[in-house]
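Participant: One file: data-v5.txt (compact mmCIF, C-alpha atoms and all ligand atoms).
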# COMPACT_ATOMS: atom_id res chain seq x y z
CA MET D 6 -63.29 138.92 109.24
CA LEU D 7 -59.80 138.22 107.96
CA ALA D 8 -60.60 134.54 107.90
CA ALA D 9 -63.73 135.22 105.83
CA VAL D 10 -61.76 137.23 103.24
CA PHE D 11 -59.14 134.54 103.17
CA SER D 12 -61.59 131.72 102.56
CA LEU D 13 -63.38 133.81 99.90
CA ALA D 14 -60.03 134.19 98.15
CA ILE D 15 -59.57 130.43 98.24
CA VAL D 16 -63.02 129.87 96.77
CA ILE D 17 -62.27 132.32 93.95
CA CYS D 18 -58.96 130.59 93.24
CA VAL D 19 -60.59 127.19 93.08
CA VAL D 20 -63.42 128.38 90.84
CA THR D 21 -61.20 130.25 88.39
CA SER D 22 -58.38 127.72 88.14
CA THR D 23 -58.41 125.65 84.96
CA PRO D 24 -60.19 122.33 85.24
CA PRO D 25 -58.06 119.20 85.15
CA ALA D 26 -57.10 118.14 81.62
CA ILE D 27 -60.02 115.92 80.81
CA GLN D 28 -58.73 114.50 77.56
CA ALA D 29 -55.20 113.85 78.82
CA ALA D 30 -54.12 110.45 80.13
CA GLY D 31 -54.57 108.42 76.97
CA ASN D 32 -58.32 107.95 76.75
CA GLY D 33 -57.89 107.48 73.02
CA THR D 34 -59.53 110.72 71.89
CA ALA D 35 -57.68 112.24 68.95
CA ASP D 36 -57.01 115.95 69.36
CA ALA D 37 -56.31 118.27 66.41
CA ASP D 38 -54.54 120.89 68.54
CA ARG D 39 -52.10 118.34 69.88
CA GLY D 40 -51.82 117.04 66.32
CA GLU D 41 -50.88 120.48 65.04
CA GLN D 42 -48.10 120.77 67.63
CA LEU D 43 -46.81 117.33 66.68
CA PHE D 44 -47.05 118.22 62.99
CA ASP D 45 -44.96 121.36 63.63
CA ARG D 46 -42.34 119.37 65.50
CA ARG D 47 -42.17 116.19 63.45
CA CYS D 48 -43.34 116.90 59.92
CA THR D 49 -42.43 120.48 59.01
CA GLY D 50 -38.77 119.59 58.47
CA CYS D 51 -40.01 118.04 55.22
CA HIS D 52 -43.63 119.22 54.77
CA ALA D 53 -45.73 122.37 54.90
CA LEU D 54 -49.48 122.60 54.56
CA ASP D 55 -49.38 124.91 51.54
CA ALA D 56 -45.97 124.51 49.93
CA ASP D 57 -43.89 121.63 48.61
CA LYS D 58 -40.61 121.02 50.45
CA VAL D 59 -38.71 117.72 50.65
CA GLY D 60 -42.23 116.26 50.79
CA PRO D 61 -45.46 117.39 49.11
CA ARG D 62 -47.84 120.00 50.54
CA LEU D 63 -50.27 118.36 52.96
CA ARG D 64 -53.35 120.58 53.11
CA ASN D 65 -56.29 118.54 51.80
CA VAL D 66 -54.22 115.36 51.85
CA TYR D 67 -57.08 113.69 53.74
CA GLY D 68 -59.46 112.57 51.00
CA ARG D 69 -56.88 113.17 48.25
CA LYS D 70 -55.64 110.42 45.96
CA ALA D 71 -52.09 109.43 46.97
CA GLY D 72 -49.23 110.88 44.92
CA THR D 73 -51.20 113.54 43.05
CA VAL D 74 -49.87 117.02 43.95
CA PRO D 75 -49.04 118.16 40.39
CA THR D 76 -46.09 120.37 41.40
CA PHE D 77 -44.31 117.68 43.46
CA LYS D 78 -41.83 115.12 42.10
CA TYR D 79 -42.94 111.85 43.72
CA SER D 80 -41.05 108.57 43.65
CA ASP D 81 -42.19 106.20 40.90
CA ALA D 82 -43.60 103.92 43.61
CA MET D 83 -45.78 106.73 44.96
CA LYS D 84 -46.92 107.87 41.50
CA ALA D 85 -48.22 104.35 40.86
CA ALA D 86 -50.37 104.38 44.04
CA LYS D 87 -54.08 103.91 43.51
CA PHE D 88 -55.81 104.77 46.75
CA THR D 89 -57.14 107.78 48.63
CA TRP D 90 -55.79 108.94 51.99
CA ASP D 91 -58.15 108.23 54.90
CA ASP D 92 -57.82 107.26 58.58
CA ALA D 93 -56.77 103.69 57.86
CA SER D 94 -54.20 104.42 55.15
CA LEU D 95 -52.67 107.36 57.07
CA GLU D 96 -52.47 105.22 60.22
CA LYS D 97 -50.54 102.55 58.30
CA TRP D 98 -48.41 105.16 56.50
CA LEU D 99 -47.25 106.86 59.71
CA THR D 100 -46.59 103.46 61.34
CA ASP D 101 -44.46 102.16 58.46
CA THR D 102 -44.59 103.89 55.07
CA ASP D 103 -43.11 100.86 53.30
CA SER D 104 -46.05 98.71 54.39
CA VAL D 105 -48.28 101.00 52.30
CA ILE D 106 -46.04 101.79 49.32
CA HIS D 107 -42.88 99.77 49.05
CA GLY D 108 -39.90 101.86 47.87
CA ASN D 109 -41.40 105.29 48.66
CA ASP D 110 -39.15 108.25 49.53
CA MET D 111 -40.51 109.16 52.98
CA ASP D 112 -38.06 107.83 55.53
CA PHE D 113 -39.94 108.67 58.72
CA ARG D 114 -42.22 107.02 61.29
CA VAL D 115 -44.40 108.02 64.23
CA PRO D 116 -44.15 105.06 66.65
CA LYS D 117 -46.74 106.17 69.24
CA PRO D 118 -50.39 105.33 68.38
CA ASP D 119 -51.87 108.34 70.24
CA GLU D 120 -49.51 110.70 68.41
CA ARG D 121 -50.48 109.18 65.06
CA ALA D 122 -54.17 109.62 65.91
CA ASP D 123 -53.65 113.29 66.85
CA ILE D 124 -51.67 114.02 63.68
CA ILE D 125 -54.28 112.31 61.48
CA ARG D 126 -57.04 114.27 63.20
CA PHE D 127 -55.11 117.49 62.45
CA LEU D 128 -54.61 116.53 58.78
CA LYS D 129 -58.33 115.79 58.57
CA VAL D 130 -59.36 119.12 60.12
CA SER D 131 -56.90 121.10 57.97
CA SER D 132 -58.44 119.41 54.93
CA GLY D 133 -61.84 120.76 55.94
CA ASN D 134 -63.22 117.42 57.19
C1 LIG S 1 -37.53 113.18 56.21
C2 LIG S 1 -38.55 113.89 55.46
C3 LIG S 1 -40.00 113.63 55.83
C4 LIG S 1 -40.60 113.73 57.07
C5 LIG S 1 -39.95 114.08 58.41
C6 LIG S 1 -42.00 113.47 56.85
N1 LIG S 1 -42.25 113.22 55.53
FE1 LIG S 1 -44.07 112.81 54.68
N2 LIG S 1 -43.19 112.62 52.86
C7 LIG S 1 -41.86 112.83 52.60
C8 LIG S 1 -41.59 112.59 51.18
C9 LIG S 1 -40.24 112.70 50.48
C10 LIG S 1 -42.85 112.20 50.62
C11 LIG S 1 -43.08 111.75 49.16
C12 LIG S 1 -42.74 110.25 49.09
C13 LIG S 1 -42.58 109.71 47.68
O1 LIG S 1 -42.69 110.43 46.68
O2 LIG S 1 -42.32 108.48 47.61
C14 LIG S 1 -43.82 112.25 51.70
C15 LIG S 1 -45.17 111.95 51.53
C16 LIG S 1 -46.12 112.04 52.52
C17 LIG S 1 -47.52 111.78 52.34
C18 LIG S 1 -48.22 111.40 51.04
C19 LIG S 1 -48.67 112.69 50.36
C20 LIG S 1 -49.36 112.57 49.03
O3 LIG S 1 -49.46 113.61 48.37
O4 LIG S 1 -49.80 111.47 48.65
C21 LIG S 1 -48.12 111.98 53.55
C22 LIG S 1 -49.58 111.82 53.89
C23 LIG S 1 -47.08 112.37 54.48
N3 LIG S 1 -45.87 112.39 53.83
C24 LIG S 1 -47.29 112.66 55.81
C25 LIG S 1 -46.29 113.02 56.72
C26 LIG S 1 -46.54 113.37 58.10
C27 LIG S 1 -47.91 113.47 58.72
C28 LIG S 1 -45.32 113.59 58.67
C29 LIG S 1 -45.02 113.91 60.11
C30 LIG S 1 -45.48 112.95 61.08
C31 LIG S 1 -44.32 113.38 57.65
N4 LIG S 1 -44.95 113.05 56.48
C32 LIG S 1 -42.95 113.51 57.86
C33 LIG S 1 -40.88 113.21 53.49
C34 LIG S 1 -41.06 113.33 54.86
For this file, produce the structure as structure tokens.
Ligand code: HEC
Facilitator:
Amino acid sequence: MLAAVFSLAIVICVVTSTPPAIQAAGNGTADADRGEQLFDRRCTGCHALDADKVGPRLRNVYGRKAGTVPTFKYSDAMKAAKFTWDDASLEKWLTDTDSVIHGNDMDFRVPKPDERADIIRFLKVSSGN
């Protein structure tokens, strides 16, 4: 009897425990929740979604023309930019901002490809895409 209760308890534990993290272990799937955590840790020193700080507000940046938040004082280099932010340009920007706009004012990089992908996914989702 005791053994039966005990093994039932084990079954319940196994069934209710959280499944193994399926998307972990670098299978290349971008994740907006991870991106939000990374955004909070890496970007919010200079950016917020809905307010200008050292950098411009970033809500709706995905699909927005570069350098066009009217309330933010961009560098001249950034003001002269003529492209729209998408996966490819954000990927390059977070790898090395100077490779996109030489002489811009954002002195920051995200070296890890999976972290860049997560952050870009988050920017996309927070822009309603
Ligand atoms: C040390 C401060 C700093 C950090 C940290 C930083 N940025 Fe920036 N960012 C800036 C500044 C300043 C600009 C404006 C550059 C200019 O005017 O040349 C900018 C501009 C941008 C732009 C272009 C916005 C537009 O309106 O065209 C994007 C996109 C961006 N940052 C994304 C990020 C992301 C994502 C992170 C975190 C991974 C990040 N930044 C971290 C300072 C920072």
Participant: State, in Å with one decimal place, the distance from CA of Met83 in chain D to atom O2 of ligand LIG 1 (chain S).
Facilitator: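 Separation between CA of Met83 in chain D and atom O2 of ligand LIG 1 (chain S): 4.7 Å.
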Participant: To one decimal place, how far is CA of Gln42 in chain D from CA of Ser80 in chain D in Å?
Facilitator: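 A separation of 27.8 Å between them.
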Participant: Hey, which residues sit close to ligand LIG 1 (chain S)? Say within 9 Å, counting all atoms listed in the file, and write them as an MDAnalysis selection string.
Facilitator: chainID D and resid 43:52 58:63 66:67 69:74 77:84 86 89:90 94:95 98:99 102 106:115 120:121 124:125 128
Participant: List as a list of chain:residue names the protein and nucleic acid residues near Asp36 in chain D, meaning an atom at most 8 Å away when only C-alpha atoms are counted, but skip any in the same chain fewer than 6 places from it.
Facilitator: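 The neighbour list is D:Ala122, D:Asp123, D:Arg126, D:Phe127.
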Participant: CA of Ser104 in chain D and CA of Asp38 in chain D are how many Å apart?
Facilitator: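 One can read the CA of Ser104 in chain D to CA of Asp38 in chain D distance as 27.6 Å.
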Participant: Quick one: of D:Pro116, D:Pro75, D:Gly40, D:Gly68, who's nearest to Ala56 in chain D, counting all atoms listed in the file?
Facilitator: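 The shortest atom-to-atom distance to Ala56 in chain D comes from D:Pro75.
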Participant: From the list D:Arg64, D:Ala35, D:Asp55, D:Lys117, which residue is nearest Thr100 in chain D when using all atoms listed in the file?
Facilitator: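 Between D:Arg64, D:Ala35, D:Asp55, D:Lys117, the residue approaching Thr100 in chain D most closely is D:Lys117.
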Participant: Using all atoms listed in the file, find the one residue out of D:Asn134, D:Lys129, D:Ala85, D:Asp119 that sits nearest to Thr34 in chain D.
Facilitator: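 Of D:Asn134, D:Lys129, D:Ala85, D:Asp119, the one nearest Thr34 in chain D is D:Asp119, counting all atoms listed in the file.
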Participant: Which of these residues is nearest to Asp57 in chain D, using all atoms listed in the file: D:Lys97, D:Ser132, D:Thr76, D:Phe88?
Facilitator: D:Thr76
Participant: Could you write range 73-94 of chain D as a compact mmCIF listing (two decimals), keeping the file's coordinate frame, with N, CA and C atoms rebuilt where they are missing?
Facilitator:
# COMPACT_ATOMS: atom_id res chain seq x y z
N THR D 73 -50.58 112.76 44.12
CA THR D 73 -51.20 113.54 43.05
C THR D 73 -51.06 115.06 43.17
N VAL D 74 -50.12 115.57 43.99
CA VAL D 74 -49.87 117.02 43.95
C VAL D 74 -49.08 117.29 42.66
N PRO D 75 -49.64 118.05 41.72
CA PRO D 75 -49.04 118.16 40.39
C PRO D 75 -47.64 118.79 40.39
N THR D 76 -47.37 119.67 41.37
CA THR D 76 -46.09 120.37 41.40
C THR D 76 -44.99 119.57 42.09
N PHE D 77 -45.31 118.41 42.69
CA PHE D 77 -44.31 117.68 43.46
C PHE D 77 -43.77 116.47 42.69
N LYS D 78 -42.46 116.26 42.76
CA LYS D 78 -41.83 115.12 42.10
C LYS D 78 -41.83 113.92 43.03
N TYR D 79 -42.83 113.07 42.90
CA TYR D 79 -42.94 111.85 43.72
C TYR D 79 -42.00 110.77 43.22
N SER D 80 -41.74 109.80 44.08
CA SER D 80 -41.05 108.57 43.65
C SER D 80 -41.96 107.84 42.66
N ASP D 81 -41.37 106.98 41.84
CA ASP D 81 -42.19 106.20 40.90
C ASP D 81 -43.19 105.33 41.66
N ALA D 82 -42.72 104.79 42.80
CA ALA D 82 -43.60 103.92 43.61
C ALA D 82 -44.86 104.69 44.03
N MET D 83 -44.66 105.91 44.47
CA MET D 83 -45.78 106.73 44.96
C MET D 83 -46.69 107.15 43.81
N LYS D 84 -46.10 107.46 42.66
CA LYS D 84 -46.92 107.87 41.50
C LYS D 84 -47.86 106.74 41.07
N ALA D 85 -47.42 105.50 41.30
CA ALA D 85 -48.22 104.35 40.86
C ALA D 85 -49.34 104.01 41.86
N ALA D 86 -49.37 104.71 43.01
CA ALA D 86 -50.37 104.38 44.04
C ALA D 86 -51.79 104.63 43.54
N LYS D 87 -52.70 103.78 43.98
CA LYS D 87 -54.08 103.91 43.51
C LYS D 87 -55.07 103.88 44.67
N PHE D 88 -54.86 104.73 45.63
CA PHE D 88 -55.81 104.77 46.75
C PHE D 88 -55.91 106.21 47.24
N THR D 89 -56.90 106.44 48.09
CA THR D 89 -57.14 107.78 48.63
C THR D 89 -56.78 107.78 50.11
N TRP D 90 -56.17 108.86 50.57
CA TRP D 90 -55.79 108.94 51.99
C TRP D 90 -57.01 109.07 52.89
N ASP D 91 -57.10 108.17 53.88
CA ASP D 91 -58.15 108.23 54.90
C ASP D 91 -57.54 107.79 56.24
N ASP D 92 -58.35 107.62 57.26
CA ASP D 92 -57.82 107.26 58.58
C ASP D 92 -56.95 106.01 58.53
N ALA D 93 -57.47 104.98 57.85
CA ALA D 93 -56.77 103.69 57.86
C ALA D 93 -55.44 103.77 57.11
N SER D 94 -55.44 104.39 55.93
CA SER D 94 -54.20 104.42 55.15
C SER D 94 -53.17 105.35 55.81
